[in-house]
Every structure is written in C-alpha cells, then in structure tokens.
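**Student:** Just one file: model_9.pdb, with PDB, C-alpha atoms.
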ATOM      1  CA  ILE V   1      -8.193  -4.344  -5.710
ATOM      2  CA  THR V   2      -5.398  -2.051  -4.475
ATOM      3  CA  ALA V   3      -5.124   1.089  -6.599
ATOM      4  CA  GLY V   4      -3.529   4.534  -6.693
ATOM      5  CA  LYS V   5      -1.678   7.001  -8.874
ATOM      6  CA  ASN V   6       0.901   5.947 -11.450
ATOM      7  CA  THR V   7       4.371   5.976  -9.943
ATOM      8  CA  GLY V   8       5.715   8.300 -12.640
ATOM      9  CA  ASN V   9       3.018  10.959 -12.305
ATOM     10  CA  SER V  10       3.175  13.875  -9.896
ATOM     11  CA  GLY V  11      -0.574  14.535  -9.954
ATOM     12  CA  SER V  12      -3.730  12.584  -9.063
ATOM     13  CA  GLY V  13      -4.357  11.362  -5.523
ATOM     14  CA  ALA V  14      -1.531  10.404  -3.175
ATOM     15  CA  ASN V  15      -3.403   7.854  -1.076
ATOM     16  CA  THR V  16      -3.837   4.151  -1.743
ATOM     17  CA  LEU V  17      -7.402   2.954  -2.351
ATOM     18  CA  CYS V  18      -9.324  -0.310  -2.084
ATOM     19  CA  VAL V  19     -11.514  -0.385  -5.178
ATOM     20  CA  PRO V  20     -14.284  -2.924  -5.868
ATOM     21  CA  HIS V  21     -14.182  -5.619  -8.529
ATOM     22  CA  ASP V  22     -17.494  -4.358  -9.958
ATOM     23  CA  PRO V  23     -17.399  -0.537 -10.308
ATOM     24  CA  ASP V  24     -20.563   1.432 -11.017
ATOM     25  CA  SER V  25     -20.744   3.810 -13.997
ATOM     26  CA  LEU V  26     -21.572   7.510 -13.948
ATOM     27  CA  PRO V  27     -24.091   8.899 -16.451
ATOM     28  CA  SER V  28     -22.700   8.966 -20.001
ATOM     29  CA  ASP V  29     -22.939  12.782 -20.122
ATOM     30  CA  PHE V  30     -20.663  13.280 -17.061
ATOM     31  CA  PRO V  31     -18.739  15.542 -17.038
ATOM     32  CA  THR V  32     -20.021  18.042 -19.537
ATOM     33  CA  THR V  33     -16.620  19.792 -19.640
ATOM     34  CA  THR V  34     -13.274  19.832 -17.819
ATOM     35  CA  TYR V  35     -10.525  22.429 -17.836
ATOM     36  CA  SER V  36      -8.334  21.806 -20.908
ATOM     37  CA  SER V  37      -9.529  18.181 -20.969
ATOM     38  CA  TYR V  38      -7.565  17.544 -17.745
ATOM     39  CA  PHE V  39      -8.353  14.541 -15.541
ATOM     40  CA  ALA V  40      -6.865  12.508 -12.706
ATOM     41  CA  ALA V  41      -5.993   8.831 -13.200
ATOM     42  CA  LEU V  42      -6.263   5.644 -11.154
ATOM     43  CA  PHE V  43      -4.108   2.544 -11.713
ATOM     44  CA  GLY V  44      -3.912  -0.907 -10.161
ATOM     45  CA  ALA V  45      -1.043  -1.655  -7.776
ATOM     46  CA  GLU V  46       1.876  -4.076  -8.255
ATOM     47  CA  TYR V  47       4.386  -5.561  -5.868
ATOM     48  CA  GLN V  48       7.972  -4.595  -6.637
ATOM     49  CA  PHE V  49       9.559  -7.385  -4.620
ATOM     50  CA  THR V  50       9.375 -11.147  -4.191
ATOM     51  CA  TYR V  51       8.395 -12.714  -0.869
ATOM     52  CA  LYS V  52       6.546 -15.936  -0.008
ATOM     53  CA  ASN V  53       3.560 -16.224  -2.407
ATOM     54  CA  VAL V  54       4.129 -13.003  -4.370
ATOM     55  CA  ALA V  55       6.579 -11.935  -7.065
ATOM     56  CA  VAL V  56       7.604  -8.693  -8.740
ATOM     57  CA  ASP V  57       4.736  -7.242 -10.823
ATOM     58  CA  ASP V  58       2.012  -9.370  -9.203
ATOM     59  CA  ASP V  59      -1.188  -7.342  -8.790
ATOM     60  CA  VAL V  60      -2.047  -6.452  -5.184
ATOM     61  CA  PRO V  61      -5.394  -7.397  -3.601
ATOM     62  CA  CYS V  62      -6.905  -5.183  -0.940
ATOM     63  CA  ALA V  63      -8.461  -5.959   2.426
ATOM     64  CA  ILE V  64     -10.660  -3.883   4.670
ATOM     65  CA  CYS V  65     -10.961  -4.935   8.292
ATOM     66  CA  LYS V  66     -14.328  -4.774  10.022
ATOM     67  CA  VAL V  67     -14.001  -5.405  13.710
ATOM     68  CA  LYS V  68     -16.819  -5.156  16.229
ATOM     69  CA  PRO V  69     -16.924  -3.334  18.589
ATOM     70  CA  ALA V  70     -13.707  -1.511  17.618
ATOM     71  CA  THR V  71     -13.818   2.255  18.019
ATOM     72  CA  ALA V  72     -10.392   3.043  16.583
ATOM     73  CA  THR V  73      -7.918   1.541  14.134
ATOM     74  CA  MET V  74      -4.271   2.441  13.688
ATOM     75  CA  MET V  75      -1.285   1.230  11.753
ATOM     76  CA  VAL V  76       1.855   1.124  13.879
ATOM     77  CA  PRO V  77       5.027   1.344  11.764
ATOM     78  CA  ALA V  78       8.239  -0.352  12.949
ATOM     79  CA  LYS V  79       6.358  -2.695  15.333
ATOM     80  CA  LEU V  80       5.006  -6.241  15.089
ATOM     81  CA  SER V  81       2.742  -5.815  18.108
ATOM     82  CA  CYS V  82       0.184  -3.352  19.434
ATOM     83  CA  PRO V  83       0.224  -1.033  22.429
ATOM     84  CA  GLN V  84      -1.291  -2.320  25.661
ATOM     85  CA  GLU V  85      -5.098  -2.654  25.517
ATOM     86  CA  TRP V  86      -5.095  -2.641  21.672
ATOM     87  CA  THR V  87      -5.865  -5.804  19.669
ATOM     88  CA  LEU V  88      -3.590  -7.003  16.859
ATOM     89  CA  GLN V  89      -5.508  -7.587  13.601
ATOM     90  CA  TYR V  90      -2.435  -8.423  11.521
ATOM     91  CA  HIS V  91       1.246  -7.616  11.217
ATOM     92  CA  GLY V  92       3.552  -7.474   8.255
ATOM     93  CA  TYR V  93       5.888  -5.057   6.582
ATOM     94  CA  LEU V  94       5.724  -1.394   5.669
ATOM     95  CA  GLY V  95       5.224  -0.557   1.993
ATOM     96  CA  ALA V  96       5.288   2.688  -0.036
ATOM     97  CA  ALA V  97       6.401   4.197  -3.339
ATOM     98  CA  TYR V  98      10.089   4.057  -4.337
ATOM     99  CA  TYR V  99      11.922   6.680  -2.281
ATOM    100  CA  SER V 100      12.959   8.835  -5.265
ATOM    101  CA  ASP V 101       9.523   8.637  -6.977
ATOM    102  CA  HIS V 102       6.598  10.874  -6.128
ATOM    103  CA  ALA V 103       5.336  10.380  -2.590
ATOM    104  CA  SER V 104       2.632   7.911  -1.568
ATOM    105  CA  ASP V 105       1.127   6.908   1.733
ATOM    106  CA  TYR V 106       2.686   4.151   3.814
ATOM    107  CA  ILE V 107       0.641   0.964   4.014
ATOM    108  CA  CYS V 108       0.974  -2.218   6.071
ATOM    109  CA  ILE V 109       1.211  -5.351   3.925
ATOM    110  CA  ASP V 110       0.255  -8.633   5.592
ATOM    111  CA  SER V 111       3.168 -10.881   6.562
ATOM    112  CA  ASP V 112       1.668 -13.612   4.384
ATOM    113  CA  PRO V 113       0.908 -11.578   1.237
ATOM    114  CA  GLU V 114      -1.366 -12.685  -1.562
ATOM    115  CA  TYR V 115      -1.689 -11.652  -5.187
ATOM    116  CA  PHE V 116      -4.762 -10.572  -7.078
ATOM    117  CA  GLU V 117      -6.321 -13.342  -9.145
ATOM    118  CA  GLY V 118      -5.607 -11.536 -12.425
ATOM    119  CA  LEU V 119      -2.441 -11.831 -14.467
ATOM    120  CA  ARG V 120       0.747 -12.726 -12.630
ATOM    121  CA  GLN V 121       4.026 -10.935 -13.122
ATOM    122  CA  VAL V 122       2.778  -8.680 -15.924
ATOM    123  CA  ASN V 123       4.534  -5.320 -15.718
ATOM    124  CA  SER V 124       1.746  -2.762 -16.132
ATOM    125  CA  ASP V 125       3.244  -0.367 -13.580
ATOM    126  CA  GLY V 126       0.754   1.950 -11.907
ATOM    127  CA  ARG V 127       0.848   2.186  -8.111
ATOM    128  CA  LEU V 128       4.139   0.420  -7.317
ATOM    129  CA  ILE V 129       4.725  -0.820  -3.776
ATOM    130  CA  TYR V 130       8.222  -1.291  -2.362
ATOM    131  CA  PRO V 131       9.298  -2.452   1.100
ATOM    132  CA  VAL V 132      10.467   0.433   3.324
ATOM    133  CA  LYS V 133      13.977   0.717   4.785
ATOM    134  CA  ALA V 134      15.044   2.805   7.777
ATOM    135  CA  TYR V 135      17.654   5.537   7.355
ATOM    136  CA  CYS V 136      19.735   6.701  10.327
ATOM    137  CA  GLY V 137      20.111  10.368  11.096
ATOM    138  CA  SER V 138      16.810  11.854  12.163
ATOM    139  CA  LEU V 139      15.745   8.275  13.016
ATOM    140  CA  PRO V 140      17.680   7.309  16.155
ATOM    141  CA  CYS V 141      20.241   4.568  15.622
ATOM    142  CA  PRO V 142      21.166   2.052  17.030
ATOM    143  CA  LYS V 143      17.508   1.488  18.002
ATOM    144  CA  TYR V 144      16.798   1.663  14.260
ATOM    145  CA  LYS V 145      19.303   0.015  11.930
ATOM    146  CA  GLN V 146      20.495   1.547   8.668
ATOM    147  CA  ASP V 147      18.836  -0.163   5.657
ATOM    148  CA  GLN V 148      16.667  -2.388   7.897
ATOM    149  CA  TYR V 149      13.305  -3.266   6.354
ATOM    150  CA  LEU V 150      10.549  -2.123   8.677
ATOM    151  CA  PRO V 151       7.624  -4.163  10.026
ATOM    152  CA  CYS V 152       4.181  -2.843  10.886
ATOM    153  CA  ALA V 153       1.085  -3.818  12.843
ATOM    154  CA  VAL V 154      -2.588  -2.960  12.354
ATOM    155  CA  CYS V 155      -4.346  -2.574  15.690
ATOM    156  CA  THR V 156      -7.880  -1.905  16.918
ATOM    157  CA  LEU V 157      -9.279  -0.628  20.176
TER     158      LEU V 157
END
Could you render the structure from this file as structure tokens?
**Tutor:**
Amino acid sequence: ITAGKNTGNSGSGANTLCVPHDPDSLPSDFPTTTYSSYFAALFGAEYQFTYKNVAVDDDVPCAICKVKPATATMMVPAKLSCPQEWTLQYHGYLGAAYYSDHASDYICIDSDPEYFEGLRQVNSDGRLIYPVKAYCGSLPCPKYKQDQYLPCAVCTL
C-alpha cells in the first residue's frame, strides 16, 4: 500500500512509503509519554488524475522491485529509457504532491497504473499524487516544454 503524510500537513515524514497489508503491533504500553501528546501521522495515497485503469481518488498500490544481481537502482526523471549498460525495469510518469502543497518526494508511477483493491474513488485524501509538469526558466527550454507532463524510468545496474 502506498502511504505518506497528509497533503495538508506540514509535519510528519516527507517520503513516500510502501507499507504492508498486515502491519505488526507495538506493545500496548508504547509509548509511555510523548511531548504534549504530539505524534506524526501516516495516510494512504490516492491518485489525483484519471489515466487508463485508474481514476481520481483511487487508492495507490505499491511495488518493490527485487532484481538479481542488481547492485544499484535509480529513478531517471524526464526519460523513458535507461543510460547505457543499465537495465529498464519499468517506465511511466513522474508523480508528486500538488506544487503549492507541502513538498513530497518524486516517484515514478508505472505507465500501466493499477489501483489498490480497496474502495474505488472514495475521497479520503492523505498522500495525494499528481502528475508532474515541467516549467521553463531554470529548466532549459526548448529541450523541455512548458507544462509538459514528465515521464520517468526505473533502472538497475
């Protein structure tokens, strides 16, 4: 299950996580105290666009690649292919939080996306994922195009 911080919160973690379907529990007495009853929060992720099999508010599944004998993995933004000698695992499109919300990491969403087997199109918010557009200026145009959605590739070596 893809998870992260709520889009409207400035705190908690900034990275996107793959969490299991069957979480373990900590002891019932953990923690004994926290500062002012403060805590961080984790929410499921939702698509904020429609494409192929997915629709706005569909819950996002998560995948972890295990490749033998890979020694390195990288996500290449703005490319559909890998550098020479690297092996393409999948390609798709770049995703992240809405540009005026609190920051998140950029992730590569498979070109043939799926939805989590839970409820479809139920707006629970949480970690919201939007497709990423290029903006000219510090990105060199015309190689990049203003408002162009960006692809990505996940590669192993």
**Student:** When the PyMOL selection byres ((chain V and resi 123-139) around 9) is applied to the structure above, which residues does it catch, written out as a PDB file with C-alpha atoms, keeping the file's coordinate frame?
**Tutor:**
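In the end it all went to result-v3.pdb:
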ATOM      1  CA  THR V   2      -5.398  -2.051  -4.475  1.00  0.00           C
ATOM      2  CA  ALA V   3      -5.124   1.089  -6.599  1.00  0.00           C
ATOM      3  CA  GLY V   4      -3.529   4.534  -6.693  1.00  0.00           C
ATOM      4  CA  LYS V   5      -1.678   7.001  -8.874  1.00  0.00           C
ATOM      5  CA  ASN V   6       0.901   5.947 -11.450  1.00  0.00           C
ATOM      6  CA  THR V   7       4.371   5.976  -9.943  1.00  0.00           C
ATOM      7  CA  GLY V   8       5.715   8.300 -12.640  1.00  0.00           C
ATOM      8  CA  THR V  16      -3.837   4.151  -1.743  1.00  0.00           C
ATOM      9  CA  LEU V  42      -6.263   5.644 -11.154  1.00  0.00           C
ATOM     10  CA  PHE V  43      -4.108   2.544 -11.713  1.00  0.00           C
ATOM     11  CA  GLY V  44      -3.912  -0.907 -10.161  1.00  0.00           C
ATOM     12  CA  ALA V  45      -1.043  -1.655  -7.776  1.00  0.00           C
ATOM     13  CA  GLU V  46       1.876  -4.076  -8.255  1.00  0.00           C
ATOM     14  CA  TYR V  47       4.386  -5.561  -5.868  1.00  0.00           C
ATOM     15  CA  GLN V  48       7.972  -4.595  -6.637  1.00  0.00           C
ATOM     16  CA  PHE V  49       9.559  -7.385  -4.620  1.00  0.00           C
ATOM     17  CA  VAL V  56       7.604  -8.693  -8.740  1.00  0.00           C
ATOM     18  CA  ASP V  57       4.736  -7.242 -10.823  1.00  0.00           C
ATOM     19  CA  ASP V  58       2.012  -9.370  -9.203  1.00  0.00           C
ATOM     20  CA  VAL V  60      -2.047  -6.452  -5.184  1.00  0.00           C
ATOM     21  CA  TYR V  93       5.888  -5.057   6.582  1.00  0.00           C
ATOM     22  CA  LEU V  94       5.724  -1.394   5.669  1.00  0.00           C
ATOM     23  CA  GLY V  95       5.224  -0.557   1.993  1.00  0.00           C
ATOM     24  CA  ALA V  96       5.288   2.688  -0.036  1.00  0.00           C
ATOM     25  CA  ALA V  97       6.401   4.197  -3.339  1.00  0.00           C
ATOM     26  CA  TYR V  98      10.089   4.057  -4.337  1.00  0.00           C
ATOM     27  CA  TYR V  99      11.922   6.680  -2.281  1.00  0.00           C
ATOM     28  CA  SER V 104       2.632   7.911  -1.568  1.00  0.00           C
ATOM     29  CA  TYR V 106       2.686   4.151   3.814  1.00  0.00           C
ATOM     30  CA  ILE V 107       0.641   0.964   4.014  1.00  0.00           C
ATOM     31  CA  ARG V 120       0.747 -12.726 -12.630  1.00  0.00           C
ATOM     32  CA  GLN V 121       4.026 -10.935 -13.122  1.00  0.00           C
ATOM     33  CA  VAL V 122       2.778  -8.680 -15.924  1.00  0.00           C
ATOM     34  CA  PRO V 140      17.680   7.309  16.155  1.00  0.00           C
ATOM     35  CA  CYS V 141      20.241   4.568  15.622  1.00  0.00           C
ATOM     36  CA  PRO V 142      21.166   2.052  17.030  1.00  0.00           C
ATOM     37  CA  LYS V 143      17.508   1.488  18.002  1.00  0.00           C
ATOM     38  CA  TYR V 144      16.798   1.663  14.260  1.00  0.00           C
ATOM     39  CA  LYS V 145      19.303   0.015  11.930  1.00  0.00           C
ATOM     40  CA  GLN V 146      20.495   1.547   8.668  1.00  0.00           C
ATOM     41  CA  ASP V 147      18.836  -0.163   5.657  1.00  0.00           C
ATOM     42  CA  GLN V 148      16.667  -2.388   7.897  1.00  0.00           C
ATOM     43  CA  TYR V 149      13.305  -3.266   6.354  1.00  0.00           C
ATOM     44  CA  LEU V 150      10.549  -2.123   8.677  1.00  0.00           C
ATOM     45  CA  PRO V 151       7.624  -4.163  10.026  1.00  0.00           C
TER      46      PRO V 151
END
**Student:** Could you please give me, as a VMD selection string, the residues of protein, DNA or RNA lying at most 7 Å from (-2.2, -4.1, 16.1) in the coordinate frame of the file, considering all atoms listed in the file?
**Tutor:** chain V and resid 75 to 76 81 to 82 86 to 91 153 to 156
**Student:** Grab the atom CA of V:Lys52 to atom CA of V:Pro77 distance for me, in Å with one decimal place.
**Tutor:**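 If I compute the distance from atom CA of V:Lys52 to atom CA of V:Pro77, I get 21.0 Å.
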**Student:** Report, in Å to a single decimal, how far apart atom CA of V:Asp59 and atom CA of V:Ser25 are.
**Tutor:**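 Between atom CA of V:Ser25 and atom CA of V:Asp59 the gap is 23.1 Å.
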**Student:** Output the residue selection produced by the PyMOL selection byres ((chain V and resi 110) around 6) on the file above, formatted as a CSV table (one decimal) with C-alpha atoms, in the frame of the given file.
**Tutor:**
chain,number,residue,atom,x,y,z
V,91,HIS,CA,1.2,-7.6,11.2
V,92,GLY,CA,3.6,-7.5,8.3
V,109,ILE,CA,1.2,-5.4,3.9
V,111,SER,CA,3.2,-10.9,6.6
V,112,ASP,CA,1.7,-13.6,4.4
V,113,PRO,CA,0.9,-11.6,1.2
**Student:** May I have the residues within 9 Å of V:His21 as a PyMOL selection string, using all atoms listed in the file and disregarding those fewer than 2 positions away in the same chain?
**Tutor:** chain V and resi 1+19+23
**Student:** What does the structure give for the distance between atom CA of V:Ala78 and atom CA of V:Gly13, in Å to one decimal?
**Tutor:**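 Between atom CA of V:Ala78 and atom CA of V:Gly13 the gap works out to 25.2 Å.
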**Student:** So, counting only C-alpha atoms, which residue among V:Ala14, V:Ala63, V:Ala41, V:Ala72 is closest to V:Tyr115?
**Tutor:**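 Between V:Ala14, V:Ala63, V:Ala41, V:Ala72, the residue approaching V:Tyr115 most closely is V:Ala63.
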**Student:** Using only C-alpha atoms, can you tell me which of V:Val54, V:Lys79, V:Ala103, V:Tyr35 comes closest to V:Cys152?
**Tutor:**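 Closest to V:Cys152, using only C-alpha atoms: V:Lys79.
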**Student:** Could you work out an axis-aligned box for stretch 59-65 of chain V, taking every atom the file lists and adding 5 Å on each side, and report centre and edge lengths in Å to one decimal, as lines of an AutoDock Vina configuration file?
**Tutor:**
center_x = -6.1
center_y = -5.6
center_z = -0.2
size_x = 19.8
size_y = 13.5
size_z = 27.1
**Student:** Go through V:Asp24, V:Asp101, V:Gln84, V:Cys108 one by one, measure the shortest atom-to-atom distance of each to V:Ile64 using only C-alpha atoms, and give the residue with the smallest value.
**Tutor:**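 Nearest to V:Ile64: V:Cys108.
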**Student:** Would you mind telling me which residue in V:Glu114, V:Pro61, V:Lys66, V:Leu80 lies nearest to V:Leu17 when using all atoms listed in the file?
**Tutor:** V:Pro61
**Student:** Because the input lacks atoms here, generate N, CA, C and O atoms for stretch 89-104 of chain V and report them as a compact mmCIF listing (two decimals), in the coordinates of the input.
**Tutor:**
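Final output, saved to out04.txt:
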# COMPACT_ATOMS: atom_id res chain seq x y z
N GLN V 89 -4.72 -7.01 14.69
CA GLN V 89 -5.51 -7.59 13.60
C GLN V 89 -4.60 -8.33 12.63
O GLN V 89 -4.93 -9.40 12.18
N TYR V 90 -3.47 -7.74 12.30
CA TYR V 90 -2.44 -8.42 11.52
C TYR V 90 -1.14 -7.63 11.61
O TYR V 90 -1.12 -6.48 12.00
N HIS V 91 -0.05 -8.29 11.29
CA HIS V 91 1.25 -7.62 11.22
C HIS V 91 1.90 -7.98 9.89
O HIS V 91 1.49 -8.92 9.21
N GLY V 92 2.88 -7.23 9.52
CA GLY V 92 3.55 -7.47 8.26
C GLY V 92 4.71 -6.53 8.06
O GLY V 92 5.49 -6.30 8.98
N TYR V 93 4.78 -5.95 6.87
CA TYR V 93 5.89 -5.06 6.58
C TYR V 93 5.37 -3.79 5.93
O TYR V 93 4.34 -3.77 5.27
N LEU V 94 6.10 -2.71 6.16
CA LEU V 94 5.72 -1.39 5.67
C LEU V 94 6.01 -1.30 4.18
O LEU V 94 7.06 -1.75 3.70
N GLY V 95 5.06 -0.73 3.43
CA GLY V 95 5.22 -0.56 1.99
C GLY V 95 4.90 0.87 1.59
O GLY V 95 4.09 1.54 2.23
N ALA V 96 5.53 1.34 0.49
CA ALA V 96 5.29 2.69 -0.04
C ALA V 96 5.89 2.78 -1.43
O ALA V 96 6.48 1.81 -1.93
N ALA V 97 5.78 3.95 -2.04
CA ALA V 97 6.40 4.20 -3.34
C ALA V 97 7.92 4.21 -3.20
O ALA V 97 8.46 4.41 -2.11
N TYR V 98 8.62 3.98 -4.30
CA TYR V 98 10.09 4.06 -4.34
C TYR V 98 10.52 5.42 -3.81
O TYR V 98 9.90 6.43 -4.14
N TYR V 99 11.58 5.46 -3.01
CA TYR V 99 11.92 6.68 -2.28
C TYR V 99 12.26 7.87 -3.17
O TYR V 99 12.10 9.02 -2.74
N SER V 100 12.67 7.67 -4.41
CA SER V 100 12.96 8.84 -5.26
C SER V 100 11.82 9.13 -6.25
O SER V 100 11.92 10.04 -7.05
N ASP V 101 10.72 8.34 -6.19
CA ASP V 101 9.52 8.64 -6.98
C ASP V 101 8.66 9.64 -6.22
O ASP V 101 8.98 10.02 -5.10
N HIS V 102 7.53 9.99 -6.81
CA HIS V 102 6.60 10.87 -6.13
C HIS V 102 6.04 10.16 -4.91
O HIS V 102 5.85 8.95 -4.90
N ALA V 103 5.75 10.93 -3.88
CA ALA V 103 5.34 10.38 -2.59
C ALA V 103 4.03 9.59 -2.67
O ALA V 103 3.19 9.84 -3.54
N SER V 104 3.88 8.65 -1.76
CA SER V 104 2.63 7.91 -1.57
C SER V 104 2.43 7.77 -0.07
O SER V 104 3.30 8.15 0.72
